[in-house]
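For reference, query_24.cif is printed below; it contains mmCIF, C-alpha atoms.
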```
data_run
#
loop_
_atom_site.label_atom_id
_atom_site.label_comp_id
_atom_site.auth_asym_id
_atom_site.auth_seq_id
_atom_site.Cartn_x
_atom_site.Cartn_y
_atom_site.Cartn_z
CA GLY M 19 174.95 133.67 7.11
CA GLU M 20 173.94 137.25 7.42
CA ASP M 21 176.46 139.89 8.39
CA VAL M 22 177.54 140.40 11.98
CA GLU M 23 177.96 144.15 12.30
CA GLN M 24 180.39 146.30 14.20
CA SER M 25 181.54 149.89 14.02
CA LEU M 26 184.78 150.01 12.06
CA PHE M 27 186.75 152.46 14.19
CA LEU M 28 187.00 153.58 17.82
CA SER M 29 189.50 155.97 19.39
CA VAL M 30 189.91 156.45 23.13
CA ARG M 31 192.43 158.10 25.42
CA GLU M 32 194.69 155.98 27.54
CA GLY M 33 193.08 155.30 30.90
CA ASP M 34 189.52 155.74 29.62
CA SER M 35 187.06 152.92 29.10
CA SER M 36 186.42 151.51 25.63
CA VAL M 37 183.11 150.04 24.56
CA ILE M 38 182.98 148.00 21.39
CA ASN M 39 179.56 147.05 20.11
CA CYS M 40 178.35 144.19 17.96
CA THR M 41 175.00 143.26 16.46
CA TYR M 42 174.72 139.60 15.66
CA THR M 43 172.18 137.77 13.58
CA ASP M 44 171.14 134.44 15.07
CA SER M 45 169.12 134.54 18.27
CA SER M 46 169.83 130.82 18.71
CA SER M 47 173.60 131.26 18.85
CA THR M 48 174.88 129.32 21.83
CA TYR M 49 178.12 131.17 22.39
CA LEU M 50 179.31 134.60 21.42
CA TYR M 51 182.99 135.39 21.27
CA TRP M 52 185.37 138.33 21.29
CA TYR M 53 188.69 138.01 19.50
CA LYS M 54 191.61 140.44 19.34
CA GLN M 55 193.90 140.80 16.34
CA GLU M 56 197.17 142.67 16.73
CA PRO M 57 199.07 143.82 13.61
CA GLY M 58 200.63 140.95 11.71
CA ALA M 59 199.18 138.35 14.03
CA GLY M 60 196.33 135.89 14.13
CA LEU M 61 193.17 136.24 16.13
CA GLN M 62 193.45 135.67 19.83
CA LEU M 63 190.43 134.62 21.86
CA LEU M 64 189.75 137.25 24.52
CA THR M 65 186.59 136.05 26.12
CA TYR M 66 183.24 134.47 25.38
CA ILE M 67 179.78 134.40 26.86
CA PHE M 68 177.17 131.70 26.95
CA SER M 69 173.82 132.78 25.60
CA ASN M 70 171.97 132.29 28.90
CA MET M 71 174.16 134.92 30.57
CA ASP M 72 173.65 138.68 30.55
CA MET M 73 177.10 139.66 31.69
CA LYS M 74 180.55 138.23 32.14
CA GLN M 75 183.48 139.97 33.75
CA ASP M 76 187.09 138.97 33.37
CA GLN M 77 189.58 141.40 34.91
CA ARG M 78 189.45 144.56 32.75
CA LEU M 79 186.98 143.03 30.32
CA THR M 80 183.20 143.11 30.70
CA VAL M 81 180.91 141.46 28.18
CA LEU M 82 177.26 142.44 28.06
CA LEU M 83 174.68 140.45 26.13
CA ASN M 84 171.21 141.66 25.19
CA LYS M 85 169.55 138.69 23.54
CA LYS M 86 166.34 140.55 22.78
CA ASP M 87 168.18 143.07 20.65
CA LYS M 88 170.90 140.61 19.57
CA HIS M 89 173.47 143.06 20.85
CA LEU M 90 176.83 142.20 22.32
CA SER M 91 179.35 144.63 23.78
CA LEU M 92 182.87 144.48 25.09
CA ARG M 93 183.98 147.03 27.65
CA ILE M 94 187.68 147.45 28.35
CA ALA M 95 188.38 149.32 31.55
CA ASP M 96 191.49 151.51 31.94
CA THR M 97 192.39 151.12 28.27
CA GLN M 98 196.12 150.87 27.60
CA THR M 99 198.16 151.47 24.45
CA GLY M 100 198.71 147.72 24.24
CA ASP M 101 194.97 147.32 23.75
CA SER M 102 195.24 148.95 20.32
CA ALA M 103 194.14 146.25 17.90
CA ILE M 104 191.19 145.07 15.85
CA TYR M 105 188.44 143.43 17.87
CA PHE M 106 186.09 140.91 16.31
CA CYS M 107 182.88 139.54 17.69
CA ALA M 108 181.78 136.12 16.45
CA GLU M 109 178.76 133.88 16.72
CA ASN M 110 178.07 130.24 16.03
CA GLN M 111 175.00 130.40 13.85
CA THR M 112 172.52 127.55 14.08
CA GLY M 113 173.31 124.74 11.68
CA ALA M 114 176.74 126.07 10.86
CA ASN M 115 179.91 124.36 12.00
CA ASN M 116 182.03 127.46 11.93
CA LEU M 117 182.07 130.89 13.46
CA PHE M 118 180.73 133.95 11.68
CA PHE M 119 182.82 136.98 12.40
CA GLY M 120 181.87 140.60 12.61
CA THR M 121 183.49 143.22 10.44
CA GLY M 122 185.99 144.09 13.17
CA THR M 123 186.48 147.31 15.15
CA ARG M 124 189.88 148.98 15.00
CA LEU M 125 190.58 150.37 18.46
CA THR M 126 193.18 153.13 18.66
CA VAL M 127 194.38 154.17 22.09
CA ILE M 128 195.78 157.68 22.24
CA PRO M 129 198.56 158.20 24.81
CA ASP D 11 205.36 125.86 21.60
CA THR D 12 203.13 127.41 18.97
CA ALA D 13 199.67 125.86 19.11
CA VAL D 14 198.64 126.49 15.49
CA SER D 15 201.48 127.17 13.08
CA GLN D 16 201.35 128.11 9.42
CA THR D 17 204.05 128.30 6.80
CA PRO D 18 205.05 130.36 5.03
CA LYS D 19 204.28 133.66 6.76
CA TYR D 20 204.58 135.54 3.47
CA LEU D 21 204.05 134.24 -0.04
CA VAL D 22 204.56 136.33 -3.17
CA THR D 23 203.86 134.69 -6.49
CA GLN D 24 202.70 135.39 -10.00
CA MET D 25 199.30 134.85 -11.53
CA GLY D 26 198.74 131.37 -12.85
CA ASN D 27 201.08 129.65 -10.41
CA ASP D 28 200.10 126.88 -8.02
CA LYS D 29 201.03 127.25 -4.36
CA SER D 30 200.45 125.56 -1.02
CA ILE D 31 200.16 126.81 2.54
CA LYS D 32 200.81 124.39 5.38
CA CYS D 33 199.12 124.30 8.76
CA GLU D 34 199.80 122.20 11.82
CA GLN D 35 198.19 122.20 15.26
CA ASN D 36 199.58 120.53 18.36
CA LEU D 37 196.47 121.00 20.50
CA GLY D 38 194.97 117.62 19.77
CA HIS D 39 191.92 119.29 18.28
CA ASP D 40 189.51 117.39 16.08
CA THR D 41 188.52 120.15 13.68
CA MET D 42 190.58 122.46 11.52
CA TYR D 43 189.58 125.42 9.39
CA TRP D 44 190.79 127.80 6.76
CA TYR D 45 189.64 131.43 6.84
CA LYS D 46 190.36 134.20 4.37
CA GLN D 47 190.82 137.78 5.52
CA ASP D 48 190.59 140.40 2.81
CA SER D 49 192.14 143.87 2.70
CA LYS D 50 189.22 145.30 4.68
CA LYS D 51 189.86 142.73 7.43
CA PHE D 52 186.65 140.81 6.72
CA LEU D 53 186.99 137.17 7.76
CA LYS D 54 185.22 134.46 5.79
CA ILE D 55 185.22 130.72 6.35
CA MET D 56 186.60 128.71 3.47
CA PHE D 57 186.68 125.16 4.77
CA SER D 58 186.22 123.13 7.88
CA TYR D 59 187.55 119.60 8.25
CA ASN D 60 186.60 117.13 10.96
CA ASN D 61 187.26 113.40 11.03
CA LYS D 62 187.64 113.30 7.29
CA GLU D 63 184.45 115.26 6.74
CA LEU D 64 185.09 118.30 4.62
CA ILE D 65 182.60 121.13 4.59
CA ILE D 66 183.16 123.68 1.91
CA ASN D 67 181.90 127.20 1.72
CA GLU D 68 180.08 127.21 -1.58
CA THR D 69 181.54 130.57 -2.53
CA VAL D 70 185.10 129.20 -2.57
CA PRO D 71 186.40 128.52 -6.10
CA ASN D 72 187.37 124.93 -6.80
CA ARG D 73 190.92 126.14 -7.46
CA PHE D 74 191.24 125.97 -3.67
CA SER D 75 191.54 122.53 -2.15
CA PRO D 76 192.34 121.53 1.42
CA LYS D 77 194.32 118.39 2.09
CA SER D 78 194.62 116.71 5.47
CA PRO D 79 197.28 114.01 5.77
CA ASP D 80 196.36 113.52 9.43
CA LYS D 81 194.33 115.10 12.21
CA ALA D 82 197.06 117.58 13.09
CA HIS D 83 197.53 119.00 9.60
CA LEU D 84 195.35 120.81 7.11
CA ASN D 85 197.15 122.21 4.10
CA LEU D 86 195.67 124.56 1.53
CA HIS D 87 196.47 124.14 -2.15
CA ILE D 88 195.65 126.86 -4.61
CA ASN D 89 195.81 126.32 -8.36
CA SER D 90 196.02 128.93 -11.09
CA LEU D 91 196.38 131.84 -8.72
CA GLU D 92 194.52 135.05 -9.53
CA LEU D 93 195.04 138.63 -8.40
CA GLY D 94 191.88 138.44 -6.30
CA ASP D 95 193.36 135.64 -4.25
CA SER D 96 195.66 138.14 -2.55
CA ALA D 97 194.68 138.11 1.12
CA VAL D 98 195.75 136.81 4.49
CA TYR D 99 194.82 133.16 5.02
CA PHE D 100 194.33 131.90 8.54
CA CYS D 101 194.32 128.36 9.72
CA ALA D 102 192.42 127.57 12.92
CA SER D 103 191.47 124.59 15.02
CA SER D 104 188.90 123.71 17.66
CA GLN D 105 188.01 120.76 19.83
CA GLY D 106 185.05 118.93 18.34
CA ALA D 107 182.96 119.77 15.35
CA GLY D 108 180.47 121.93 17.18
CA MET D 109 181.12 125.59 17.65
CA ASP D 110 180.75 125.51 21.41
CA SER D 111 184.51 125.42 21.62
CA PRO D 112 186.53 128.45 20.64
CA LEU D 113 188.83 128.63 17.65
CA HIS D 114 192.58 128.86 18.01
CA PHE D 115 194.20 130.69 15.12
CA GLY D 116 197.57 130.58 13.45
CA ASN D 117 199.38 133.84 12.71
CA GLY D 118 198.31 133.89 9.09
CA THR D 119 199.92 133.67 5.68
CA ARG D 120 199.94 136.85 3.65
CA LEU D 121 199.54 135.87 0.01
CA THR D 122 200.35 138.44 -2.65
CA VAL D 123 199.62 137.59 -6.27
CA THR D 124 201.30 139.82 -8.85
#
```

How does this structure look as structure tokens?
Amino acid sequence: GEDVEQSLFLSVREGDSSVINCTYTDSSSTYLYWYKQEPGAGLQLLTYIFSNMDMKQDQRLTVLLNKKDKHLSLRIADTQTGDSAIYFCAENQTGANNLFFGTGTRLTVIP
Amino acid sequence: DTAVSQTPKYLVTQMGNDKSIKCEQNLGHDTMYWYKQDSKKFLKIMFSYNNKELIINETVPNRFSPKSPDKAHLNLHINSLELGDSAVYFCASSQGAGMDSPLHFGNGTRLTVT
């Protein structure tokens, strides 16, 4: 599959909002996912959105999907130091039986 | 209880050796996977295994072989280890073979080849 792209780094101050962006490749992807990876740990599923939705909100997390531009974003409200991690978007490309992951965005929250 | 567990957490070995990484999931999932994460944190699928059907990423060297004694286990065997094999290897599982169900990951095995 082609590359799923993300910015590599993002720094925000504690209490601000974070927006992590992702450009995916397959307009037929059914689901799009956001995973969080803390240091020394595996990937933890944060949230996902079905492709017929534009937005999904889950507590401090808001996912926006622009299918026309194949753009996915994750907004974290009131960012906390515990949110510091690497965030991966992922898509299930048509015909593939696995997820294709983005390059990951390292979020650093400054106290 | 850990849903997807891998052992060992760290593995340091010399070039040319053969090693195995074990993975077990207690979620009752049908499909298991191995992913490789390189030093730049890029994640690439290596294998997926569902109901005895193995799908291999064609870029994976045949020195790597998955073995599944039962639905709850998918072990990774690596022969003739090379320096470039150093990475973190993640096991994952999902319900069903389709990707409409999310992956659950283990905590990874950091392999260092010297």

- prompt: Need the neighbours of (198.4, 136.6, -1.1): which residues are at most 6 Å away, counting all atoms listed in the file, as a list in words?
  reply: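 Selection result: Ser96, Ala97, Arg120, Leu121, Thr122 and Val123 of chain D.
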
field: Point-to-point distance from atom CA of Ser75 of chain D to atom CA of Thr121 of chain M, Å rounded to tenths
entry: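 Computed distance, atom CA of Ser75 of chain D to atom CA of Thr121 of chain M, equals 25.5 Å.
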
task: Quick one: apply the PyMOL selection byres ((chain M) within 12 of (chain D)) to the file and drop the selected residues here as number ranges by chain.
output: M: 19-24, 26, 47-69, 103-124

message: Quick check, in Å to one decimal: how far apart do atom CA of Val127 of chain M and atom CA of Ser91 of chain M lie?
response: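 Those two atoms sit 17.9 Å apart.
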
Picked residues, the PyMOL selection byres ((chain M and resi 100-102) around 7), as a compact mmCIF listing (two decimals) with C-alpha atoms, keeping the file's coordinate frame:
```
# COMPACT_ATOMS: atom_id res chain seq x y z
CA THR M 97 192.39 151.12 28.27
CA GLN M 98 196.12 150.87 27.60
CA THR M 99 198.16 151.47 24.45
CA ALA M 103 194.14 146.25 17.90
CA LEU M 125 190.58 150.37 18.46
CA THR M 126 193.18 153.13 18.66
CA VAL M 127 194.38 154.17 22.09
```

message: Nearest residue to Asp72 of chain M out of M:Asn84, M:Ser46, M:Ser25, M:Ser36, using all atoms listed in the file?
response: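 Ranked by minimum distance to Asp72 of chain M, first place goes to M:Asn84.
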
field: Picked residues, the PyMOL selection byres ((chain D and resi 33) around 7), expected as a list in words
entry: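 On the file shown, the PyMOL selection byres ((chain D and resi 33) around 7) covers Ser15, Gln16, Thr17, Ile31, Lys32, Glu34, Gln35, His83, Leu84, Asn85 and Cys101 of chain D.
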
task: Give the answer as one residue: which of M:Lys74, M:Ile128, M:Val81, M:Tyr42 has the shortest atom-to-atom distance to Leu28 of chain M, using all atoms listed in the file?
output: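 Result for the nearest residue to Leu28 of chain M: M:Ile128.
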
Could you get me a file of segment 26-40 of chain D with all heavy atoms, as an mmCIF file, in the first residue's frame, taken from the block above?
```cif
data_model
loop_
_atom_site.group_PDB
_atom_site.id
_atom_site.type_symbol
_atom_site.label_atom_id
_atom_site.label_comp_id
_atom_site.auth_asym_id
_atom_site.auth_seq_id
_atom_site.Cartn_x
_atom_site.Cartn_y
_atom_site.Cartn_z
ATOM 1 N N GLY D 26 23.560 -14.336 13.112
ATOM 2 C CA GLY D 26 23.659 -15.736 12.731
ATOM 3 C C GLY D 26 22.848 -16.672 13.605
ATOM 4 O O GLY D 26 22.599 -17.823 13.218
ATOM 5 N N ASN D 27 22.454 -16.189 14.780
ATOM 6 C CA ASN D 27 21.665 -17.045 15.679
ATOM 7 C C ASN D 27 20.235 -17.190 15.190
ATOM 8 O O ASN D 27 19.747 -16.402 14.369
ATOM 9 C CB ASN D 27 21.669 -16.465 17.095
ATOM 10 C CG ASN D 27 22.987 -16.679 17.804
ATOM 11 O OD1 ASN D 27 23.827 -17.453 17.339
ATOM 12 N ND2 ASN D 27 23.177 -15.986 18.900
ATOM 13 N N ASP D 28 19.561 -18.186 15.753
ATOM 14 C CA ASP D 28 18.126 -18.399 15.504
ATOM 15 C C ASP D 28 17.379 -18.120 16.804
ATOM 16 O O ASP D 28 17.792 -18.590 17.870
ATOM 17 C CB ASP D 28 17.853 -19.852 15.085
ATOM 18 C CG ASP D 28 18.627 -20.265 13.858
ATOM 19 O OD1 ASP D 28 19.033 -19.393 13.080
ATOM 20 O OD2 ASP D 28 18.831 -21.495 13.686
ATOM 21 N N LYS D 29 16.300 -17.364 16.708
ATOM 22 C CA LYS D 29 15.550 -17.025 17.917
ATOM 23 C C LYS D 29 14.046 -17.080 17.637
ATOM 24 O O LYS D 29 13.598 -17.019 16.481
ATOM 25 C CB LYS D 29 15.900 -15.613 18.403
ATOM 26 C CG LYS D 29 17.298 -15.482 18.966
ATOM 27 C CD LYS D 29 17.440 -16.294 20.253
ATOM 28 C CE LYS D 29 18.851 -16.178 20.801
ATOM 29 N NZ LYS D 29 19.036 -17.035 21.998
ATOM 30 N N SER D 30 13.291 -17.168 18.729
ATOM 31 C CA SER D 30 11.831 -17.180 18.628
ATOM 32 C C SER D 30 11.221 -16.169 19.579
ATOM 33 O O SER D 30 11.746 -15.928 20.664
ATOM 34 C CB SER D 30 11.277 -18.564 18.971
ATOM 35 O OG SER D 30 11.694 -19.523 18.042
ATOM 36 N N ILE D 31 10.109 -15.608 19.156
ATOM 37 C CA ILE D 31 9.312 -14.722 20.001
ATOM 38 C C ILE D 31 7.918 -15.349 20.096
ATOM 39 O O ILE D 31 7.348 -15.754 19.072
ATOM 40 C CB ILE D 31 9.194 -13.302 19.406
ATOM 41 C CG1 ILE D 31 10.574 -12.727 19.106
ATOM 42 C CG2 ILE D 31 8.433 -12.398 20.364
ATOM 43 C CD1 ILE D 31 10.528 -11.419 18.336
ATOM 44 N N LYS D 32 7.397 -15.404 21.329
ATOM 45 C CA LYS D 32 6.103 -16.049 21.515
ATOM 46 C C LYS D 32 5.009 -14.999 21.701
ATOM 47 O O LYS D 32 5.240 -13.917 22.234
ATOM 48 C CB LYS D 32 6.151 -16.968 22.735
ATOM 49 C CG LYS D 32 7.092 -18.137 22.560
ATOM 50 C CD LYS D 32 7.007 -19.081 23.741
ATOM 51 C CE LYS D 32 7.895 -20.293 23.506
ATOM 52 N NZ LYS D 32 7.825 -21.251 24.640
ATOM 53 N N CYS D 33 3.821 -15.347 21.257
ATOM 54 C CA CYS D 33 2.677 -14.453 21.414
ATOM 55 C C CYS D 33 1.435 -15.267 21.729
ATOM 56 O O CYS D 33 1.165 -16.302 21.100
ATOM 57 C CB CYS D 33 2.436 -13.647 20.149
ATOM 58 S SG CYS D 33 0.991 -12.559 20.256
ATOM 59 N N GLU D 34 0.681 -14.782 22.699
ATOM 60 C CA GLU D 34 -0.562 -15.432 23.088
ATOM 61 C C GLU D 34 -1.643 -14.380 23.273
ATOM 62 O O GLU D 34 -1.379 -13.305 23.810
ATOM 63 C CB GLU D 34 -0.360 -16.202 24.401
ATOM 64 C CG GLU D 34 -1.627 -16.821 24.955
ATOM 65 C CD GLU D 34 -1.404 -17.536 26.281
ATOM 66 O OE1 GLU D 34 -0.291 -17.452 26.823
ATOM 67 O OE2 GLU D 34 -2.351 -18.171 26.766
ATOM 68 N N GLN D 35 -2.855 -14.682 22.831
ATOM 69 C CA GLN D 35 -3.974 -13.764 23.086
ATOM 70 C C GLN D 35 -5.116 -14.542 23.743
ATOM 71 O O GLN D 35 -5.396 -15.684 23.370
ATOM 72 C CB GLN D 35 -4.434 -13.076 21.785
ATOM 73 C CG GLN D 35 -4.780 -13.993 20.622
ATOM 74 C CD GLN D 35 -6.253 -14.315 20.502
ATOM 75 O OE1 GLN D 35 -7.085 -13.797 21.257
ATOM 76 N NE2 GLN D 35 -6.588 -15.177 19.539
ATOM 77 N N ASN D 36 -5.722 -13.894 24.731
ATOM 78 C CA ASN D 36 -6.822 -14.533 25.461
ATOM 79 C C ASN D 36 -8.157 -13.848 25.177
ATOM 80 O O ASN D 36 -9.076 -13.872 26.005
ATOM 81 C CB ASN D 36 -6.530 -14.562 26.961
ATOM 82 C CG ASN D 36 -6.399 -13.162 27.560
ATOM 83 O OD1 ASN D 36 -6.646 -12.167 26.880
ATOM 84 N ND2 ASN D 36 -5.997 -13.080 28.808
ATOM 85 N N LEU D 37 -8.241 -13.227 24.001
ATOM 86 C CA LEU D 37 -9.447 -12.487 23.621
ATOM 87 C C LEU D 37 -10.415 -13.329 22.801
ATOM 88 O O LEU D 37 -11.497 -12.857 22.458
ATOM 89 C CB LEU D 37 -9.051 -11.239 22.816
ATOM 90 C CG LEU D 37 -8.211 -10.236 23.587
ATOM 91 C CD1 LEU D 37 -7.614 -9.197 22.641
ATOM 92 C CD2 LEU D 37 -9.034 -9.551 24.670
ATOM 93 N N GLY D 38 -9.982 -14.524 22.445
ATOM 94 C CA GLY D 38 -10.825 -15.352 21.585
ATOM 95 C C GLY D 38 -10.875 -14.869 20.150
ATOM 96 O O GLY D 38 -11.785 -15.230 19.396
ATOM 97 N N HIS D 39 -9.900 -14.081 19.765
ATOM 98 C CA HIS D 39 -9.876 -13.548 18.396
ATOM 99 C C HIS D 39 -9.474 -14.615 17.388
ATOM 100 O O HIS D 39 -8.784 -15.581 17.716
ATOM 101 C CB HIS D 39 -8.891 -12.378 18.307
ATOM 102 C CG HIS D 39 -9.424 -11.124 18.933
ATOM 103 N ND1 HIS D 39 -8.630 -10.026 19.183
ATOM 104 C CD2 HIS D 39 -10.663 -10.790 19.357
ATOM 105 C CE1 HIS D 39 -9.375 -9.068 19.732
ATOM 106 N NE2 HIS D 39 -10.606 -9.515 19.849
ATOM 107 N N ASP D 40 -9.942 -14.388 16.149
ATOM 108 C CA ASP D 40 -9.685 -15.357 15.086
ATOM 109 C C ASP D 40 -8.399 -15.084 14.320
ATOM 110 O O ASP D 40 -7.875 -15.977 13.660
ATOM 111 C CB ASP D 40 -10.843 -15.337 14.068
ATOM 112 C CG ASP D 40 -12.133 -15.857 14.672
ATOM 113 O OD1 ASP D 40 -12.046 -16.725 15.568
ATOM 114 O OD2 ASP D 40 -13.212 -15.406 14.264
#
```
